[in-house]
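Dumped start25.cif below, it's mmCIF, C-alpha atoms:
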```cif
data_model
#
loop_
_atom_site.label_atom_id
_atom_site.label_comp_id
_atom_site.auth_asym_id
_atom_site.auth_seq_id
_atom_site.Cartn_x
_atom_site.Cartn_y
_atom_site.Cartn_z
CA MET A 2 -31.29 15.83 68.77
CA ARG A 3 -31.17 16.39 65.04
CA THR A 4 -29.83 19.93 65.52
CA SER A 5 -27.24 18.77 68.09
CA ALA A 6 -26.10 15.97 65.82
CA LEU A 7 -25.74 18.38 62.91
CA VAL A 8 -23.65 20.79 65.02
CA TYR A 9 -21.52 17.89 66.28
CA LEU A 10 -20.86 16.62 62.77
CA THR A 11 -20.03 20.13 61.59
CA LEU A 12 -17.47 20.52 64.41
CA ILE A 13 -15.89 17.18 63.53
CA SER A 14 -15.61 18.30 59.94
CA LEU A 15 -14.04 21.61 60.90
CA PHE A 16 -11.55 20.02 63.28
CA GLY A 17 -10.76 17.37 60.67
CA ILE A 18 -9.79 20.03 58.15
CA ALA A 19 -7.47 21.68 60.69
CA ALA A 20 -5.86 18.36 61.67
CA GLN A 21 -5.07 17.53 58.04
CA ALA A 22 -3.25 20.78 57.26
CA ASP A 23 -0.54 20.26 54.65
CA PHE A 24 2.66 22.20 55.46
CA ASP A 25 6.10 21.63 53.95
CA PHE A 26 8.81 24.06 55.02
CA ASN A 27 12.13 24.55 53.27
CA GLY A 28 14.20 27.61 52.58
CA SER A 29 17.48 29.33 51.93
CA ILE A 30 19.85 31.92 53.35
CA VAL A 31 19.51 35.02 51.18
CA ASN A 32 21.44 38.27 50.67
CA GLY A 33 24.70 36.98 52.13
CA VAL A 34 26.08 36.74 55.65
CA THR A 35 27.47 39.62 57.71
CA VAL A 36 29.93 39.12 60.57
CA THR A 37 30.70 42.09 62.83
CA GLN A 38 33.90 41.81 64.85
CA PRO A 39 34.19 43.63 68.20
CA SER A 40 36.20 46.83 68.19
CA GLY A 41 37.43 49.18 70.91
CA SER A 42 35.08 49.62 73.85
CA GLY A 43 32.04 48.37 71.94
CA SER A 44 30.38 44.97 72.23
CA PRO A 45 32.86 42.21 73.16
CA ASN A 46 30.90 39.78 71.02
CA THR A 47 31.28 38.83 67.38
CA ILE A 48 27.82 39.05 65.79
CA ILE A 49 26.56 37.06 62.81
CA LYS A 50 23.59 38.32 60.80
CA PHE A 51 21.71 36.93 57.82
CA GLN A 52 18.22 36.51 56.40
CA VAL A 53 16.33 33.24 56.00
CA LYS A 54 13.74 32.86 53.30
CA ILE A 55 11.18 30.28 54.47
CA ASN A 56 9.03 28.59 51.84
CA ASN A 57 5.79 26.71 52.41
CA THR A 58 5.36 24.29 49.52
CA GLY A 59 2.41 22.57 51.17
CA SER A 60 -1.20 23.06 50.08
CA SER A 61 -2.29 24.81 53.31
CA ASN A 62 -1.72 28.40 54.44
CA PHE A 63 0.45 28.70 57.57
CA SER A 64 0.03 31.20 60.38
CA GLY A 65 2.14 30.87 63.51
CA VAL A 66 5.75 30.78 64.68
CA LEU A 67 8.66 28.57 63.61
CA ARG A 68 11.88 27.66 65.38
CA LEU A 69 15.16 27.98 63.49
CA LYS A 70 18.44 26.27 64.41
CA PRO A 71 21.52 27.59 62.53
CA PHE A 72 24.84 25.77 62.62
CA LEU A 73 28.36 26.16 61.23
CA VAL A 74 30.66 23.57 59.63
CA ALA A 75 34.34 24.21 59.07
CA THR A 76 35.20 23.76 55.39
CA ASP A 77 38.97 23.22 55.63
CA SER A 78 40.78 19.91 55.29
CA GLN A 79 41.03 19.48 59.07
CA THR A 80 37.27 19.19 59.61
CA ASN A 81 36.90 16.21 61.91
CA SER A 82 35.38 16.39 65.40
CA GLN A 83 37.69 13.61 66.56
CA THR A 84 40.68 15.96 66.33
CA VAL A 85 39.62 19.63 66.07
CA GLN A 86 36.63 21.92 66.46
CA ALA A 87 34.80 21.04 63.26
CA GLY A 88 31.73 23.23 63.65
CA ALA A 89 29.35 24.90 66.08
CA VAL A 90 25.65 25.18 66.77
CA LEU A 91 24.37 28.75 66.93
CA ASP A 92 21.62 30.06 69.20
CA SER A 93 18.18 28.93 68.09
CA MET A 94 15.58 31.53 67.22
CA VAL A 95 11.79 31.54 67.35
CA THR A 96 10.24 33.77 64.73
CA THR A 97 7.58 36.31 65.46
CA GLN A 98 4.09 35.53 64.15
CA ILE A 99 4.45 34.87 60.42
CA ASN A 100 1.96 34.10 57.68
CA ILE A 101 3.08 31.94 54.75
CA PRO A 102 0.43 31.12 52.14
CA SER A 103 0.52 27.86 50.23
CA MET A 104 3.42 28.02 47.72
CA GLY A 105 4.44 31.32 49.29
CA SER A 106 7.41 32.50 51.35
CA VAL A 107 8.47 34.96 54.03
CA THR A 108 11.91 36.32 54.92
CA VAL A 109 13.04 36.65 58.55
CA ASN A 110 16.15 38.25 60.07
CA TYR A 111 18.61 36.31 62.24
CA SER A 112 21.23 37.87 64.53
CA SER A 113 23.25 36.25 67.30
CA PRO A 114 26.64 36.34 69.04
CA LEU A 115 29.07 33.71 67.78
CA PRO A 116 30.68 31.19 70.12
CA ILE A 117 34.45 30.79 70.31
CA LEU A 118 35.72 29.43 67.00
CA ARG A 119 39.13 28.29 65.80
CA SER A 120 40.46 30.19 62.83
CA ALA A 121 39.10 28.52 59.70
CA PRO A 122 36.73 29.01 56.76
CA TYR A 123 33.17 28.06 57.64
CA ALA A 124 29.76 27.64 56.04
CA VAL A 125 26.39 28.22 57.67
CA SER A 126 23.08 26.38 57.27
CA VAL A 127 19.70 26.61 59.03
CA PHE A 128 17.46 23.79 60.25
CA ILE A 129 13.87 25.10 59.85
CA ASN A 130 11.17 23.90 62.28
CA ASN A 131 13.88 21.98 64.12
CA ASP A 132 11.66 21.24 67.13
CA MET A 133 9.00 19.74 64.84
CA ALA A 134 6.40 21.76 66.73
CA VAL A 135 4.50 22.15 63.44
CA ALA A 136 3.57 18.87 61.77
CA GLU A 137 4.78 18.68 58.17
CA THR A 138 3.93 16.44 55.25
CA LYS A 139 7.63 16.17 54.36
CA THR A 140 10.54 16.44 56.76
CA LEU A 141 13.60 15.73 54.63
CA ASP A 142 13.98 19.21 53.12
CA ASN A 143 14.00 21.39 56.26
CA VAL A 144 17.71 22.23 56.11
CA THR A 145 19.02 25.02 53.86
CA ASP A 146 21.99 24.86 51.51
CA LEU A 147 25.32 26.10 52.86
CA VAL A 148 26.50 29.68 52.52
CA ASP A 149 30.25 30.20 52.80
CA ILE A 150 31.94 32.50 55.32
CA PRO A 151 35.55 32.84 54.05
CA ASN A 152 37.27 33.00 57.44
CA LEU A 153 36.22 33.25 61.05
CA SER A 154 38.17 33.45 64.27
CA VAL A 155 36.37 34.19 67.53
CA ASN A 156 38.35 34.52 70.76
CA ARG A 157 35.70 36.09 73.00
CA ALA A 158 32.12 34.97 73.47
CA PRO A 159 29.33 35.14 76.06
CA GLU A 160 29.85 32.86 79.05
CA ASN A 161 27.62 29.85 79.45
CA PRO A 162 26.52 29.43 83.08
CA GLY A 163 25.77 25.97 84.43
CA THR A 164 27.54 22.64 84.70
CA PHE A 165 25.25 20.28 82.77
CA ASN A 166 26.31 19.73 79.19
CA LEU A 167 25.94 17.15 76.42
CA THR A 168 28.36 16.39 73.60
CA SER A 169 28.85 13.40 71.32
CA ARG A 170 31.56 11.71 69.30
CA PHE A 171 31.72 8.81 66.87
CA ASP A 172 33.65 5.92 68.38
CA GLY A 173 36.12 4.74 65.77
CA ASP A 174 35.57 4.83 62.03
CA THR A 175 32.23 4.93 60.25
CA TYR A 176 31.43 2.35 57.59
CA LEU A 177 28.80 1.96 54.87
CA HIS A 178 26.28 -0.75 55.64
CA LEU A 179 23.02 -1.67 53.87
CA GLY A 180 22.43 1.85 52.63
CA GLY A 181 23.34 3.53 55.90
CA VAL A 182 26.31 5.16 57.61
CA GLY A 183 27.19 2.58 60.24
CA ASP A 184 28.72 4.05 63.37
CA THR A 185 29.00 3.73 67.11
CA LEU A 186 27.79 6.94 68.73
CA ARG A 187 29.11 8.10 72.10
CA THR A 188 26.65 10.43 73.83
CA ILE A 189 28.68 12.17 76.52
CA LEU A 190 27.24 13.79 79.63
CA HIS A 191 29.37 16.34 81.46
CA GLY A 192 28.02 16.85 84.97
CA ASP A 193 25.75 14.92 87.34
CA SER A 194 24.25 11.94 85.51
CA SER A 195 21.51 11.65 88.14
CA GLN A 196 20.16 14.94 86.83
CA PHE A 197 19.91 13.76 83.24
CA PRO A 198 18.70 15.20 81.04
CA GLY A 199 18.33 18.45 82.96
CA VAL A 200 15.72 20.35 84.86
CA GLY A 201 12.18 19.34 83.93
CA GLY A 202 13.17 16.92 81.17
CA ALA A 203 13.25 13.21 80.40
CA GLU A 204 15.63 11.10 78.35
CA THR A 205 13.06 10.79 75.56
CA ASP A 206 13.32 14.56 75.09
CA LEU A 207 16.76 14.06 73.55
CA TYR A 208 16.78 13.99 69.74
CA ALA A 209 19.40 14.22 67.00
CA ARG A 210 19.24 15.03 63.30
CA PHE A 211 21.82 13.38 61.02
CA LEU A 212 22.99 15.13 57.87
CA LEU A 213 25.26 14.55 54.90
CA VAL A 214 26.91 17.83 53.90
CA ASP A 215 28.38 18.23 50.43
CA LEU A 216 30.99 21.00 50.53
CA ARG A 217 31.30 20.98 46.73
CA THR A 218 27.63 21.54 45.86
CA LYS A 219 26.70 23.22 49.20
CA LYS A 220 23.78 20.80 49.53
CA VAL A 221 22.76 19.46 52.93
CA HIS A 222 20.98 16.10 52.84
CA THR A 223 19.01 14.69 55.75
CA ALA A 224 20.02 11.12 56.69
CA PRO A 225 16.85 9.59 58.20
CA TYR A 226 17.42 7.65 61.39
CA ILE A 227 15.88 4.19 61.12
CA ASN A 228 16.97 1.61 63.63
CA TYR A 229 16.54 -1.39 61.33
CA GLY A 230 19.27 -3.47 62.89
CA ASP A 231 21.05 -5.77 60.47
CA ARG A 232 18.42 -5.84 57.69
CA PRO A 233 18.00 -3.31 54.89
CA HIS A 234 14.82 -1.27 55.12
CA SER A 235 12.45 -1.23 52.13
CA THR A 236 12.79 2.56 52.05
CA CYS A 237 14.07 5.20 54.40
CA LEU A 238 12.49 8.14 52.59
CA ASN A 239 9.53 10.13 53.92
CA GLN A 240 9.38 8.26 57.20
CA PRO A 241 7.13 9.91 59.82
CA ASP A 242 9.97 10.21 62.37
CA ILE A 243 13.40 10.73 60.87
CA ASP A 244 15.24 12.03 63.95
CA LYS A 245 16.96 9.79 66.47
CA GLN A 246 15.17 9.73 69.84
CA TRP A 247 16.94 8.42 72.94
CA PHE A 248 15.44 5.99 75.43
CA ALA A 249 16.73 3.63 78.11
CA ILE A 250 20.06 5.45 78.31
CA SER A 251 22.81 3.52 80.07
CA TYR A 252 26.02 5.28 81.08
CA SER A 253 29.52 4.03 81.55
CA ASP A 254 31.77 6.12 83.79
CA GLU A 255 34.88 7.34 81.97
CA LYS A 256 37.28 10.28 81.92
CA ASP A 257 37.86 12.83 79.18
CA GLU A 258 41.22 13.94 77.76
CA ASN A 259 41.66 16.31 80.72
CA GLY A 260 41.02 13.58 83.29
CA ASP A 261 37.58 14.93 84.24
CA PRO A 262 34.78 12.41 84.86
CA ILE A 263 32.24 11.93 82.08
CA HIS A 264 29.29 9.58 81.58
CA VAL A 265 29.02 7.90 78.17
CA ASP A 266 26.17 6.10 76.42
CA TYR A 267 27.14 3.88 73.45
CA TYR A 268 24.81 2.95 70.60
CA ASN A 269 25.34 1.30 67.20
CA GLN A 270 23.31 2.75 64.33
CA ALA A 271 23.22 3.41 60.58
CA PRO A 272 21.38 6.60 59.49
CA CYS A 273 20.18 6.15 55.92
CA PHE A 274 21.62 7.80 52.79
CA GLU A 275 19.32 6.18 50.23
CA ASP A 276 18.63 9.33 48.18
CA THR A 277 22.21 10.66 48.32
CA ALA A 278 24.55 10.30 45.35
CA PRO A 279 28.04 8.79 45.79
CA GLY A 280 30.71 11.31 46.73
CA ASP A 281 32.64 12.95 49.56
CA TYR A 282 30.56 14.26 52.47
CA LEU A 283 30.68 15.47 56.03
CA PHE A 284 28.58 13.19 58.21
CA VAL A 285 27.02 15.57 60.74
CA GLU A 286 25.06 14.94 63.93
CA LEU A 287 23.10 17.79 65.49
CA LEU A 288 22.70 16.66 69.08
CA ASN A 289 19.71 17.92 71.10
CA SER A 290 18.30 18.98 67.75
CA ARG A 291 14.86 19.87 69.10
CA ASP A 292 16.21 22.06 71.93
CA LEU A 293 14.18 20.22 74.56
CA ILE A 294 17.11 19.64 76.94
CA LYS A 295 18.46 22.58 78.94
CA GLU A 296 22.24 22.60 78.47
CA SER A 297 24.89 24.96 79.77
CA ASP A 298 26.46 25.15 76.29
CA ILE A 299 24.49 24.25 73.18
CA HIS A 300 27.25 25.42 70.83
CA ASP A 301 29.27 22.21 71.05
CA SER A 302 26.30 19.93 70.33
CA ILE A 303 27.58 19.06 66.86
CA ASN A 304 29.61 16.07 65.73
CA ILE A 305 31.28 15.91 62.29
CA LEU A 306 33.24 13.23 60.48
CA PRO A 307 34.31 13.12 56.79
CA ILE A 308 33.08 10.10 54.83
CA THR A 309 33.03 8.86 51.25
CA ILE A 310 30.00 7.13 49.78
CA THR A 311 31.11 4.76 47.03
CA PRO A 312 28.77 3.47 44.31
CA VAL A 313 28.78 -0.27 45.05
CA THR A 314 31.03 -2.44 47.16
CA THR A 315 29.79 -5.92 47.98
CA GLU A 316 29.67 -6.93 51.62
CA ASN A 317 29.28 -10.67 51.04
CA HIS A 318 31.99 -12.58 49.17
CA LEU A 319 30.71 -14.55 46.20
CA SER A 320 33.79 -16.70 45.80
CA ASP A 321 33.67 -20.50 46.16
CA ILE A 322 30.06 -20.83 44.99
CA TRP A 323 29.23 -24.38 43.88
CA MET A 324 26.33 -25.41 41.63
CA VAL A 325 25.65 -29.07 40.83
CA THR A 326 24.00 -30.15 37.56
CA THR A 327 23.98 -32.98 35.05
CA GLU A 328 25.41 -32.98 31.54
CA ASN A 329 23.59 -30.91 28.89
CA ARG A 330 21.06 -29.72 31.37
CA PRO A 331 21.09 -25.92 31.82
CA VAL A 332 20.78 -24.53 35.30
CA THR A 333 20.11 -20.98 36.36
CA GLN A 334 20.64 -20.01 39.98
CA THR A 335 19.98 -16.67 41.68
CA PHE A 336 22.29 -15.56 44.48
CA SER A 337 21.36 -12.60 46.66
CA PHE A 338 23.90 -10.35 48.33
CA HIS A 339 23.97 -6.96 49.97
CA THR A 340 26.00 -3.92 49.00
CA ASN A 341 26.98 -0.87 50.99
CA TYR A 342 24.95 1.42 48.76
CA MET A 343 21.95 -0.53 47.46
CA LYS A 344 19.29 -2.77 48.88
CA ARG A 345 19.48 -6.52 48.31
CA THR A 346 20.99 -7.30 44.92
CA ASP A 347 20.38 -10.44 42.86
CA TRP A 348 23.14 -11.97 40.74
CA ILE A 349 21.81 -14.57 38.30
CA LEU A 350 24.35 -17.22 37.26
CA THR A 351 23.69 -19.63 34.38
CA PHE A 352 25.52 -22.74 33.15
CA ASP A 353 26.17 -22.76 29.40
CA SER A 354 24.16 -25.79 28.28
CA SER A 355 25.99 -26.02 24.93
CA LEU A 356 29.12 -27.27 26.64
CA SER A 357 29.87 -30.22 28.83
CA TYR A 358 29.06 -29.49 32.43
CA LEU A 359 32.65 -30.40 33.33
CA THR A 360 34.02 -27.60 31.19
CA SER A 361 31.11 -25.19 31.39
CA ASN A 362 31.77 -21.54 32.17
CA LEU A 363 29.54 -19.35 34.25
CA ARG A 364 28.06 -16.25 32.71
CA THR A 365 26.16 -13.47 34.40
CA GLY A 366 22.59 -12.61 33.72
CA ALA A 367 20.63 -9.76 35.24
CA VAL A 368 22.08 -7.88 38.15
CA GLY A 369 19.75 -5.48 39.92
CA ALA A 370 18.42 -4.16 43.20
CA VAL A 371 15.21 -5.58 44.60
CA ASP A 372 13.06 -4.80 47.60
#
```

I'd like the structure from this file rewritten - as structure tokens, please.
Amino acid sequence: MRTSALVYLTLISLFGIAAQADFDFNGSIVNGVTVTQPSGSGSPNTIIKFQVKINNTGSSNFSGVLRLKPFLVATDSQTNSQTVQAGAVLDSMVTTQINIPSMGSVTVNYSSPLPILRSAPYAVSVFINNDMAVAETKTLDNVTDLVDIPNLSVNRAPENPGTFNLTSRFDGDTYLHLGGVGDTLRTILHGDSSQFPGVGGAETDLYARFLLVDLRTKKVHTAPYINYGDRPHSTCLNQPDIDKQWFAISYSDEKDENGDPIHVDYYNQAPCFEDTAPGDYLFVELLNSRDLIKESDIHDSINILPITITPVTTENHLSDIWMVTTENRPVTQTFSFHTNYMKRTDWILTFDSSLSYLTSNLRTGAVGAVD
């Protein structure tokens, strides 16, 4: 019994070490991007090629495979999925067996046909470990910076067999709300809704990653999805699950711009931008981000809308505030209000006790964000 117990405890210890592996993947596109246009009787497809340097900044050595999901965003002034093709998802890739030591890196090659694209300048980024098959300590830094492609126009592309497809659009304008990008998301099913979400799947297999893309700095920020309703969350950083996961989908039957039947699920949400500086961004949704749903065309599973994050704009009016006091008796009152950018903010108002209360002026004290 003593020997068996010792072996059992040793196995627990070994498995415990494996379960607590510390991986953190991030990376970059290196050595530029090559686009090969079809010519003559050669391949009818336009091919994109580049290299992805994958870093492991965790404390554990990694050995295995990783899934990569590249995508394009148009960088011209027309970029808005409500009106034009604003981007495209490229074919995902699973690496061969790779070994990345702690604080080390490895470079892998990517090559794939491009889908049909309107003529425009584009930029490409890669979502590393997009299916989250490998547990990571951090999940906010998995998306690479953008690399520009001056101009692309693709008129021929491989056909996509099948009739089941998912797209999405934002319904109306977005707005900034309690540190999040408030929006109404339309998840659109093209095909037989009774087959959702495809062969061998379930609605909880559908995920999305939300991003804020800065075309000026080329940075791509993850916007964690936290369904906190109408209350600000204490923090939206380093949450264990930062992707949106669908459940209890309910469809309304509608028609698209061509008069074809579609099935639409509506949901109000506000993906968080807590660690993102004010500025102009593209608000991007990568639909079916984990590639768990079998679609006939994954290339249109991207939704883009330009937004501006402003420093502070109050959401609650502070006009017509009344405070009652007696003469020569100072009063300090704290009023809390929410802003579009910060958490709850306190505004401390104080009566000037040196003056008559009938003629006293208000003056501000400390103004600051609190949890």

Step by step, work through what the PyMOL selection byres ((chain A and resi 76-92) around 8) selects in the shown file, and finish by giving those residues as a compact mmCIF listing (two decimals) with C-alpha atoms, in the frame of the given file.
```txt
# COMPACT_ATOMS: atom_id res chain seq x y z
CA LYS A 70 18.44 26.27 64.41
CA PRO A 71 21.52 27.59 62.53
CA PHE A 72 24.84 25.77 62.62
CA LEU A 73 28.36 26.16 61.23
CA VAL A 74 30.66 23.57 59.63
CA ALA A 75 34.34 24.21 59.07
CA SER A 93 18.18 28.93 68.09
CA MET A 94 15.58 31.53 67.22
CA SER A 113 23.25 36.25 67.30
CA LEU A 115 29.07 33.71 67.78
CA PRO A 116 30.68 31.19 70.12
CA LEU A 118 35.72 29.43 67.00
CA ARG A 119 39.13 28.29 65.80
CA ALA A 121 39.10 28.52 59.70
CA PRO A 122 36.73 29.01 56.76
CA TYR A 123 33.17 28.06 57.64
CA ALA A 124 29.76 27.64 56.04
CA ARG A 170 31.56 11.71 69.30
CA PHE A 171 31.72 8.81 66.87
CA LEU A 216 30.99 21.00 50.53
CA LEU A 287 23.10 17.79 65.49
CA ILE A 299 24.49 24.25 73.18
CA HIS A 300 27.25 25.42 70.83
CA ASP A 301 29.27 22.21 71.05
CA SER A 302 26.30 19.93 70.33
CA ILE A 303 27.58 19.06 66.86
CA ASN A 304 29.61 16.07 65.73
CA ILE A 305 31.28 15.91 62.29
CA LEU A 306 33.24 13.23 60.48
CA PRO A 307 34.31 13.12 56.79
```

So what does the PyMOL selection byres ((chain A and resi 114) around 12) actually pick up in this one, as a PyMOL selection string?
chain A and resi 35-39+44-50+90-93+111-113+115-118+155-160+300

Find the spatial neighbours of A:Asn166, counting only C-alpha atoms, within a cut-off of 10 Å - ignore same-chain residues fewer than 5 positions away - and output them as a list in words.
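Counting only the stated atoms, we get Ile189, Leu190, His191, Gly192, Asp193, Phe197, Pro198, Gly199, Ile294, Lys295, Glu296, Ser297, Asp298, Ile299, Asp301 and Ser302 of chain A.
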
Reference answer for the PyMOL selection byres ((chain A and resi 211) around 7), as a list in words
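Residues picked by the PyMOL selection byres ((chain A and resi 211) around 7): Ala209, Arg210, Leu212, Thr223, Ala224, Pro225, Pro272, Val285, Glu286 and Leu287 of chain A.
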
So that I can see what lies close to A:Thr97, please list as a PyMOL selection string the residues with an atom at most 9 Å from it, counting only C-alpha atoms and leaving out residues fewer than 6 positions away in the same chain.
chain A and resi 65-67+109

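Atom to atom, atom CA of A:Ile308 and atom CA of A:Arg291 stand 25.1 Å apart.
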
So which residues touch stretch 277-279 of chain A within 8 Å, counting only C-alpha atoms, skipping near sequence neighbours fewer than 5 positions away, as a PyMOL selection string?
chain A and resi 222+309-312

Among listed residues A:Gly28, A:Gly183, A:Gly280, A:Gly59, nearest A:Thr108 (using only C-alpha atoms):
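Of all the options, A:Gly28 lies closest to A:Thr108.
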
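Interatomic distance, atom CA of A:Thr140 to atom CA of A:Asn27: 9.0 Å.
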
Set the distance at 9 Å and use all atoms listed in the file: which residues neighbour A:Leu186 once local chain neighbours fewer than 6 positions away are removed? I'd like the list as a compact mmCIF listing (two decimals) with C-alpha atoms, in the coordinates of the input.
```txt
# COMPACT_ATOMS: atom_id res chain seq x y z
CA SER A 169 28.85 13.40 71.32
CA ARG A 170 31.56 11.71 69.30
CA PHE A 171 31.72 8.81 66.87
CA ASP A 172 33.65 5.92 68.38
CA ASP A 266 26.17 6.10 76.42
CA TYR A 267 27.14 3.88 73.45
CA TYR A 268 24.81 2.95 70.60
CA ASN A 269 25.34 1.30 67.20
CA GLN A 270 23.31 2.75 64.33
```

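Pairwise distance (atom CA of A:Leu283, atom CA of A:Thr168) equals 17.7 Å.
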
From the list A:Gly181, A:Gly33, A:Gly163, A:Gly260, the nearest residue to A:Asp149 using only C-alpha atoms is A:Gly33

Find, counting only C-alpha atoms, the residue in A:Thr175, A:Gln246, A:Ser103, A:Asn110 that gets nearest to A:Leu207.
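Smallest separation from A:Leu207 among the options: A:Gln246.
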